Structure formats: structure tokens, C-alpha cells
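Pasted below: data.cif, mmCIF, C-alpha atoms.
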```cif
data_final
loop_
_atom_site.label_atom_id
_atom_site.label_comp_id
_atom_site.auth_asym_id
_atom_site.auth_seq_id
_atom_site.Cartn_x
_atom_site.Cartn_y
_atom_site.Cartn_z
CA MET B 1 0.00 0.00 0.00
CA SER B 2 1.40 3.41 -0.99
CA ASN B 3 1.58 6.44 1.26
CA ASP B 4 -1.37 8.01 -0.59
CA ASP B 5 -3.39 4.82 -0.20
CA GLY B 6 -2.68 4.86 3.53
CA ILE B 7 -4.00 8.41 3.86
CA LEU B 8 -7.11 7.50 1.86
CA ALA B 9 -7.67 4.51 4.13
CA SER B 10 -7.41 6.75 7.17
CA LEU B 11 -9.97 9.15 5.70
CA ARG B 12 -12.28 6.26 4.81
CA TYR B 13 -12.34 5.04 8.40
CA LEU B 14 -12.97 8.58 9.60
CA PHE B 15 -15.97 8.79 7.22
CA GLU B 16 -17.31 5.47 8.46
CA ASP B 17 -17.19 6.76 12.02
CA ILE B 18 -18.99 9.96 11.01
CA ILE B 19 -21.93 8.15 9.43
CA GLY B 20 -22.00 5.46 12.12
CA GLU B 21 -21.52 2.42 9.87
CA GLU B 22 -18.74 0.78 11.79
CA ASP B 23 -18.65 -3.00 11.69
CA ASP B 24 -18.12 -4.47 15.15
CA THR B 25 -16.29 -7.51 13.73
CA PRO B 26 -12.62 -7.39 14.80
CA PRO B 27 -10.10 -7.24 11.93
CA PHE B 28 -8.36 -10.43 10.85
CA LEU B 29 -4.61 -10.82 11.16
CA PRO B 30 -2.81 -10.05 7.89
CA GLU B 31 -2.02 -12.98 5.63
CA GLY B 32 1.63 -13.99 5.61
CA LEU B 33 2.26 -12.49 9.03
CA PRO B 34 5.30 -14.13 10.71
CA LYS B 35 4.43 -16.14 13.79
CA ALA B 36 6.66 -13.93 15.92
CA ALA B 37 4.57 -10.88 15.00
CA ALA B 38 1.13 -12.45 15.37
CA LEU B 39 0.84 -11.85 19.12
CA VAL B 40 2.06 -8.26 18.83
CA VAL B 41 -0.42 -7.44 16.07
CA SER B 42 -3.22 -9.20 17.98
CA ASP B 43 -2.47 -7.04 21.01
CA GLY B 44 -2.45 -3.95 18.79
CA ILE B 45 -5.87 -4.83 17.36
CA HIS B 46 -7.25 -5.30 20.87
CA VAL B 47 -5.83 -2.02 22.17
CA LEU B 48 -6.99 0.06 19.20
CA THR B 49 -10.45 -1.49 19.13
CA GLU B 50 -10.76 -0.55 22.77
CA TYR B 51 -9.23 2.87 22.09
CA GLN B 52 -11.38 3.92 19.14
CA GLY B 53 -13.23 1.04 17.49
CA THR B 54 -12.90 -1.73 14.94
CA SER B 55 -12.49 0.60 11.95
CA TYR B 56 -9.52 2.22 13.64
CA ALA B 57 -8.07 -1.22 14.36
CA GLN B 58 -8.57 -2.10 10.68
CA LEU B 59 -6.57 0.99 9.72
CA TYR B 60 -3.78 -0.36 11.93
CA VAL B 61 -3.93 -3.76 10.23
CA ASP B 62 -3.82 -2.15 6.78
CA ARG B 63 -0.75 -0.20 7.79
CA VAL B 64 0.95 -3.34 9.10
CA CYS B 65 0.16 -5.08 5.81
CA ARG B 66 2.42 -2.66 3.95
CA PHE B 67 5.45 -4.34 5.51
CA VAL B 68 4.48 -8.01 5.58
CA GLY B 69 7.08 -9.92 3.55
CA ARG B 70 9.43 -6.94 3.23
CA LEU B 71 11.45 -7.07 6.46
CA GLY B 72 13.12 -10.47 6.61
CA ASP B 73 12.01 -13.82 7.92
CA ASP B 74 12.42 -13.48 11.69
CA GLY B 75 9.65 -10.90 12.09
CA ARG B 76 11.63 -8.80 14.57
CA ALA B 77 11.42 -5.54 12.62
CA LEU B 78 7.74 -6.10 11.89
CA CYS B 79 7.13 -6.70 15.61
CA ASP B 80 8.79 -3.39 16.39
CA ILE B 81 6.74 -1.53 13.79
CA ALA B 82 3.50 -3.13 14.98
CA HIS B 83 4.21 -2.38 18.64
CA LEU B 84 5.37 1.20 18.15
CA MET B 85 2.56 2.00 15.73
CA ALA B 86 -0.09 0.71 18.13
CA THR B 87 1.46 2.83 20.88
CA ARG B 88 1.36 5.97 18.74
CA MET B 89 -2.12 5.32 17.38
CA ALA B 90 -3.33 4.94 20.98
CA TYR B 91 -1.79 8.30 21.86
CA GLU B 92 -2.29 9.68 25.32
CA ASP B 93 -4.97 12.36 25.46
CA PRO B 94 -7.50 13.17 28.24
CA ILE B 95 -10.01 10.82 26.63
CA ARG B 96 -7.53 7.95 26.80
CA ILE B 97 -6.61 8.63 30.40
CA ALA B 98 -10.30 8.57 31.32
CA GLN B 99 -10.64 5.22 29.53
CA LEU B 100 -7.69 3.79 31.41
CA LYS B 101 -9.00 4.95 34.80
CA LEU B 102 -12.33 3.23 34.10
CA MET B 103 -10.46 0.06 33.06
CA GLU B 104 -8.67 0.04 36.39
CA LEU B 105 -12.02 -0.37 38.15
CA ALA B 106 -13.10 -3.09 35.71
CA ASP B 107 -9.85 -4.93 36.42
CA GLY B 108 -10.48 -4.84 40.16
CA LYS B 109 -7.74 -2.35 41.01
CA PRO B 110 -8.30 -0.13 44.06
CA PRO B 111 -9.86 3.30 43.43
CA SER B 112 -7.38 6.10 42.90
CA VAL B 113 -7.00 9.74 41.96
CA GLU B 114 -4.51 10.85 39.32
CA VAL B 115 -3.59 14.42 38.49
CA ARG B 116 -2.08 15.15 35.08
CA LYS B 117 -0.72 18.41 33.74
CA PHE B 118 -1.69 19.35 30.21
CA ARG B 119 -1.01 22.37 28.07
CA PHE B 120 -4.05 24.32 26.95
CA ASP B 121 -3.27 23.56 23.30
CA GLU B 122 -3.35 19.82 24.10
CA LEU B 123 -6.76 20.04 25.76
CA ILE B 124 -8.17 22.05 22.88
CA GLY B 125 -6.43 19.77 20.40
CA ALA B 126 -8.73 16.97 21.56
CA LEU B 127 -11.75 18.98 20.36
CA PRO B 128 -13.17 18.91 16.83
CA ALA B 129 -11.17 21.25 14.60
CA ILE B 130 -14.17 23.46 13.89
CA ALA B 131 -14.31 24.38 17.58
CA GLY B 132 -10.63 24.04 18.45
CA GLU B 133 -9.06 26.29 15.83
CA PRO B 134 -10.84 29.50 16.93
CA MET B 135 -10.02 28.70 20.56
CA LEU B 136 -6.33 28.25 19.73
CA ASP B 137 -6.37 31.60 17.92
CA ALA B 138 -7.81 33.20 21.05
CA LEU B 139 -5.17 31.55 23.24
CA ASP B 140 -2.44 32.85 20.93
CA MET B 141 -3.79 36.36 21.31
CA ILE B 142 -3.43 36.24 25.11
CA GLY B 143 -0.26 34.13 25.12
CA TRP B 144 -1.82 31.12 26.87
CA ARG B 145 -1.37 28.39 24.23
CA HIS B 146 1.43 26.67 26.20
CA ARG B 147 0.10 27.44 29.66
CA ARG B 148 -0.31 24.34 31.83
CA VAL B 149 -3.40 23.25 33.71
CA SER B 150 -3.85 20.35 36.13
CA ILE B 151 -6.64 17.87 35.37
CA ARG B 152 -7.95 15.44 37.99
CA PHE B 153 -8.91 11.90 36.95
CA SER B 154 -10.64 10.06 39.78
CA ASN B 155 -12.38 6.71 39.96
CA ALA B 156 -12.68 6.99 43.74
CA SER B 157 -16.14 8.60 43.85
CA ARG B 158 -19.45 8.47 42.00
CA ILE B 159 -18.98 11.98 40.70
CA GLY B 160 -15.46 11.17 39.55
CA ILE B 161 -16.59 7.99 37.79
CA ARG B 162 -19.47 9.83 36.10
CA ARG B 163 -17.05 12.43 34.85
CA LEU B 164 -14.66 9.75 33.55
CA LYS B 165 -17.52 8.15 31.63
CA LEU B 166 -18.44 11.48 30.06
CA GLU B 167 -14.82 12.09 29.07
CA ALA B 168 -14.35 8.58 27.71
CA ALA B 169 -17.56 8.95 25.67
CA LEU B 170 -15.91 11.79 23.75
CA LYS B 171 -13.82 9.21 21.87
CA ARG B 172 -16.30 9.34 18.99
CA TRP B 173 -15.23 12.94 18.38
CA ARG B 174 -11.52 12.14 18.55
CA LEU B 175 -11.23 11.50 14.82
CA PHE B 176 -12.48 15.03 14.12
CA SER B 177 -9.85 16.58 16.35
CA LEU B 178 -6.78 18.66 15.62
CA ARG B 179 -4.61 16.16 17.49
CA TYR B 180 -5.84 13.21 15.45
CA ALA B 181 -4.96 14.99 12.21
CA GLU B 182 -1.45 15.62 13.55
CA GLU B 183 -1.00 12.03 14.72
CA ARG B 184 -2.31 10.57 11.46
CA ALA B 185 0.15 12.70 9.47
CA TRP B 186 3.03 11.71 11.76
CA VAL B 187 2.35 7.96 11.55
CA GLU B 188 2.10 8.16 7.76
CA ARG B 189 5.38 10.04 7.53
CA TRP B 190 7.14 7.58 9.85
CA LEU B 191 5.93 4.62 7.78
CA HIS B 192 6.94 6.40 4.58
CA MET B 193 10.46 6.92 5.94
CA ILE B 194 10.70 3.22 6.83
CA SER B 195 9.66 2.35 3.27
CA ARG B 196 12.26 4.72 1.82
CA ALA B 197 14.96 3.26 4.07
CA LEU B 198 14.13 -0.23 2.83
CA VAL B 199 14.88 0.92 -0.70
CA LYS B 200 17.64 3.49 -0.18
CA GLN B 201 19.56 2.31 2.90
CA PRO B 202 18.33 -0.96 4.44
CA ALA B 203 20.90 -0.83 7.24
CA ALA B 204 19.12 2.27 8.60
CA VAL B 205 15.69 0.62 8.83
CA PRO B 206 16.00 -0.30 12.55
CA ALA B 207 17.06 3.28 13.37
CA ILE B 208 14.08 4.74 11.52
CA ILE B 209 11.72 2.31 13.24
CA ASP B 210 13.18 3.02 16.69
CA SER B 211 12.93 6.78 16.16
CA ALA B 212 9.26 6.48 17.12
CA ASN B 213 10.45 6.08 20.71
CA MET B 214 11.40 9.75 20.66
CA ILE B 215 7.71 10.65 20.91
CA ALA B 216 5.68 9.75 24.00
CA GLY B 217 3.34 11.04 26.67
CA HIS B 218 1.96 14.55 26.63
CA GLY B 219 2.90 18.10 27.54
CA ASP B 220 6.29 19.63 26.84
CA ASP B 221 8.08 16.26 26.68
CA TYR B 222 5.78 15.15 23.86
CA ARG B 223 6.20 18.41 21.94
CA HIS B 224 9.98 18.41 22.34
CA GLY B 225 10.21 14.80 21.18
CA LEU B 226 8.02 15.48 18.16
CA ALA B 227 10.02 18.56 17.15
CA ASP B 228 13.32 16.71 17.58
CA TRP B 229 12.07 13.81 15.46
CA HIS B 230 11.14 16.11 12.60
CA ALA B 231 14.50 17.91 12.87
CA ILE B 232 16.42 14.64 12.54
CA ILE B 233 14.27 13.34 9.69
CA ASP B 234 14.40 16.66 7.81
CA GLY B 235 18.09 17.23 8.48
CA LEU B 236 19.48 13.73 7.98
CA ALA B 237 17.10 10.99 6.80
CA LYS B 238 15.10 12.73 4.09
CA PRO B 239 18.07 14.38 2.35
CA THR B 240 19.91 11.04 2.47
CA PHE B 241 17.01 9.26 0.80
CA ASP B 242 16.66 12.11 -1.72
CA GLY B 243 20.32 11.70 -2.68
CA ALA B 244 21.22 15.21 -1.52
CA LEU B 245 23.22 14.11 1.55
CA PRO B 246 25.50 11.11 0.91
CA LEU B 247 25.52 9.68 4.43
CA GLY B 248 27.01 6.19 4.35
CA ASP B 249 25.91 5.44 7.91
CA LEU B 250 22.52 7.09 8.43
CA ALA B 251 21.81 4.93 11.49
CA GLY B 252 25.00 6.11 13.20
CA ALA B 253 24.27 9.73 12.31
CA MET B 254 20.76 9.49 13.75
CA ALA B 255 22.09 7.94 16.96
CA GLU B 256 24.62 10.77 17.29
CA ALA B 257 21.94 13.40 16.75
CA ARG B 258 19.54 11.76 19.22
CA ALA B 259 22.28 11.65 21.86
CA ALA B 260 22.77 15.41 21.48
CA ALA B 261 19.06 16.28 21.80
CA GLU B 262 18.03 18.17 24.93
CA PRO B 263 14.62 19.35 26.21
CA ASP B 264 15.08 22.75 24.59
CA ARG B 265 12.40 24.46 22.52
CA ARG B 266 15.10 26.14 20.43
CA GLN B 267 16.82 22.76 19.76
CA ALA B 268 20.22 24.47 19.92
CA ALA B 269 22.31 21.38 20.77
CA LEU B 270 20.44 19.16 18.31
CA LYS B 271 20.79 21.66 15.46
CA ARG B 272 24.52 21.97 16.13
CA ALA B 273 24.90 18.18 16.04
CA ILE B 274 23.01 17.88 12.76
CA ALA B 275 25.10 20.70 11.27
CA ARG B 276 28.33 18.94 12.34
CA ILE B 277 27.24 15.66 10.77
CA ARG B 278 26.32 17.34 7.51
CA ALA B 279 29.49 19.46 7.44
CA ARG B 280 31.80 16.47 7.70
CA THR B 281 29.95 14.43 5.07
CA PRO B 282 31.87 14.39 1.76
CA GLY B 283 29.86 15.88 -1.06
CA ALA B 284 27.43 17.67 1.26
CA THR B 285 28.59 21.21 0.37
CA ASP B 286 25.62 21.87 -1.89
CA VAL B 287 23.23 20.71 0.83
CA LEU B 288 24.70 23.09 3.36
CA ALA B 289 24.67 25.94 0.88
CA GLY B 290 21.02 25.31 0.14
#
```
Rewrite the structure from the file as C-alpha cells, please.
Amino acid sequence: MSNDDGILASLRYLFEDIIGEEDDTPPFLPEGLPKAAALVVSDGIHVLTEYQGTSYAQLYVDRVCRFVGRLGDDGRALCDIAHLMATRMAYEDPIRIAQLKLMELADGKPPSVEVRKFRFDELIGALPAIAGEPMLDALDMIGWRHRRVSIRFSNASRIGIRRLKLEAALKRWRLFSLRYAEERAWVERWLHMISRALVKQPAAVPAIIDSANMIAGHGDDYRHGLADWHAIIDGLAKPTFDGALPLGDLAGAMAEARAAAEPDRRQAALKRAIARIRARTPGATDVLAG
């Protein structure tokens, strides 16, 4: 499946959710899936069905299918893709945290209260774009987009549980949200970079796959990780695949850049590391000049 086909599939599942025609039948495992990956993909289907529904889980299966038979016989790389993709597709937003708190009760865990800090843009990002975009514009005007707010998630009282249920019920609107659009675009780009590595520099495939670990959680850590990932892909991986930066060891270069990354909005240390790598690469003069 091409990158464009993957985006069309994502939009198709969004449309199915809008009109309420989702099939409750769980997706089947892809044909030709290595035995080592079957359990990982099964877990991913379960998590994403729980997270959003069967159509969303089917999108996950279709994305996994792009790599079946392309990554060697042992299934290790496919396991890593399947696991990391499920983690990213089940990204952590307030709706997800509410779901997890309700699951704790269902699993017999003792009641508890959890307080999480979110940025205002994250909370609004969980809203449908038609409502969220004007609110983000207003926050920009008063300089509050990155301001943090504490949110209480409690399954220790009737009121708390009722509130969790209301929050978890918002999952139907998740696919309309600003955050979902961002996550969909990121997953597609990550998968596209893996596909390009398979063709252009197979030795770098594990590094591209593992780069998904740079992005996790929420708040500033999430935003820093996302920005750093794009900086490394734009500065090293993409120009290598395009033939503009002749890096013989892309995996080593990415590891060096990741080691230099710091939780800094300006990305000063990371940008210096990427510049050093490019400067010492033979034949990269034109890239630097451009």
C-alpha cells in the first residue's frame, strides 16, 4: 500500500465513524504475518479497538500489511513496527486517560486519583477542529497556548466515575480533532520513511523504526520529542534518501543526533549536532549551501 493509499484509508475510516456504519467484527490478522509478530499485532488490534473502534483497528492492520514480507524472515522488525505504531495510534490524550482509569475499576484495582498536567493547546487539540481552531487563535492572542493546567482523573467517587464516563464517551469525536490529524500525518510520515529506508539504505531501517520512541506522553516532553524527530528526519534521513546528503551510515548519524538532543524548545544542541554531521559528510557542500 502506498503512502497516498494509507491516507485515503485513514480518511475512509474517519468517514465510516462519522456516518456510524462501523462494523463491530474485529479485523483479521494479515495474511503472511510471521508467527513472531502475530501476538504483537493481535495485542495492537485489541488495544486500538478498545481505544477507538474496529475501523480504527482495521486501519492499523492495513498499515501493518504494507510491511508483511518486506522485512526479513524473523519478524523482529515487523514486531517493532506493529508495537510502536499501536502505541502511537493509541496516543495519550484526556479521553484515553479517562478510559484507562475506568479500566482500572473493571480490572479490580483499588480506586485512585490521578492528576495530570496538560497544556491548553493539548486540551483544545482533543476537540473537533471546527471548535478548536478559533479557541487556539484566542489563546495565541493572550499568550496562553502553552500554559499548563492540572486535570484530575478520579475513579474513587461516584462523581469522579461519572465524569470519567463522560470524558471517555468523547472518543467518537476524537477523529475530528486537531490532534488526530497531527498524529495521522506523523504515523504516515514515519511509515513512509521506513519504506524509503528499505529501498535506499536498508541498514538504517532499525534506526528509523526506533525513532518512534522519541515521541511519547503529553505536555512539553511530547512536543519536544516530536520537534526533535522532525528535525532529525528533515536534516538527515530525508536528504539522504533524496540523494542530496551522501551519508554512508545514516543509522550512526541518527544515533549521534539523538544523543545530542536536549529538552530545549530552540533545539540548539540538536541543530549543532546535525550541522556537524552534515558538514563532515563528503559531497554535502551543496546541501549546506542550500
Report the distance between atom CA of B:Cys65 and atom CA of B:Ala181 in Å, rounded to one decimal place.
-> 21.7 Å
If the PyMOL selection byres ((chain B and resi 51-64) around 6) is run on the structure shown, which residues does it catch, given as a PyMOL selection string?
-> chain B and resi 13+24+26-27+45+47-50+65-67
For B:Asp73, which residue out of B:Leu102, B:Leu33, B:Glu182, B:Asp43 is the nearest one, using only C-alpha atoms?
-> B:Leu33
Show which residues sit within 7 Å of B:Arg116, as a VMD selection string. Count only C-alpha atoms, and ignore same-chain residues fewer than 4 positions away.
-> chain B and resid 150 to 152
Applied to this file, what does the PyMOL selection byres ((chain B and resi 188-196) around 7) return in terms of residues, put as a PyMOL selection string?
-> chain B and resi 3+184-187+197-200+205+208-209+241
Would you save the residues of that selection, restricted to C-alpha atoms, as a compact mmCIF listing (two decimals), in the frame of the given file?
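This went into selection_4.txt:
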```
# COMPACT_ATOMS: atom_id res chain seq x y z
CA ASN B 3 1.58 6.44 1.26
CA ARG B 184 -2.31 10.57 11.46
CA ALA B 185 0.15 12.70 9.47
CA TRP B 186 3.03 11.71 11.76
CA VAL B 187 2.35 7.96 11.55
CA ALA B 197 14.96 3.26 4.07
CA LEU B 198 14.13 -0.23 2.83
CA VAL B 199 14.88 0.92 -0.70
CA LYS B 200 17.64 3.49 -0.18
CA VAL B 205 15.69 0.62 8.83
CA ILE B 208 14.08 4.74 11.52
CA ILE B 209 11.72 2.31 13.24
CA PHE B 241 17.01 9.26 0.80
```
Give me the result of the PyMOL selection byres ((chain B and resi 221-238) around 10) on this file, residue by residue, as a PyMOL selection string.
-> chain B and resi 92+122+186+189-190+193+196-197+201+204+208+211-220+239-247+250-251+253-255+257-258+261-267+270-271+273-275+277-278+287
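When atom CA of B:Leu39 is paired with atom CA of B:Leu170, their separation reads 29.3 Å.
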Edge lengths and centre in Å, axis-aligned, stretch 259-265 of chain B plus 6 Å each side, as lines of an AutoDock Vina configuration file:
```
center_x = 17.6
center_y = 18.1
center_z = 23.8
size_x = 22.4
size_y = 24.8
size_z = 16.7
```
Tell me which of B:Ala106, B:Ala203, B:Ala37, B:Leu178 sits closest to B:Leu123, counting all atoms listed in the file.
-> B:Leu178
What's around B:Phe120 at 8 Å? Count only C-alpha atoms, leave out sequence neighbours fewer than 6 positions away in its own chain, and write the answer as an mmCIF file with C-alpha atoms, keeping the file's coordinate frame.
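Once everything was written out, this is selection_9.cif:
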```
data_model
loop_
_atom_site.group_PDB
_atom_site.id
_atom_site.type_symbol
_atom_site.label_atom_id
_atom_site.label_comp_id
_atom_site.auth_asym_id
_atom_site.auth_seq_id
_atom_site.Cartn_x
_atom_site.Cartn_y
_atom_site.Cartn_z
ATOM 1 C CA TRP B 144 -1.820 31.120 26.870
ATOM 2 C CA ARG B 145 -1.370 28.390 24.230
ATOM 3 C CA HIS B 146 1.430 26.670 26.200
ATOM 4 C CA ARG B 147 0.100 27.440 29.660
ATOM 5 C CA ARG B 148 -0.310 24.340 31.830
ATOM 6 C CA VAL B 149 -3.400 23.250 33.710
#
```
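Atom CA of B:Val115 sits 14.8 Å away from atom CA of B:Glu167.
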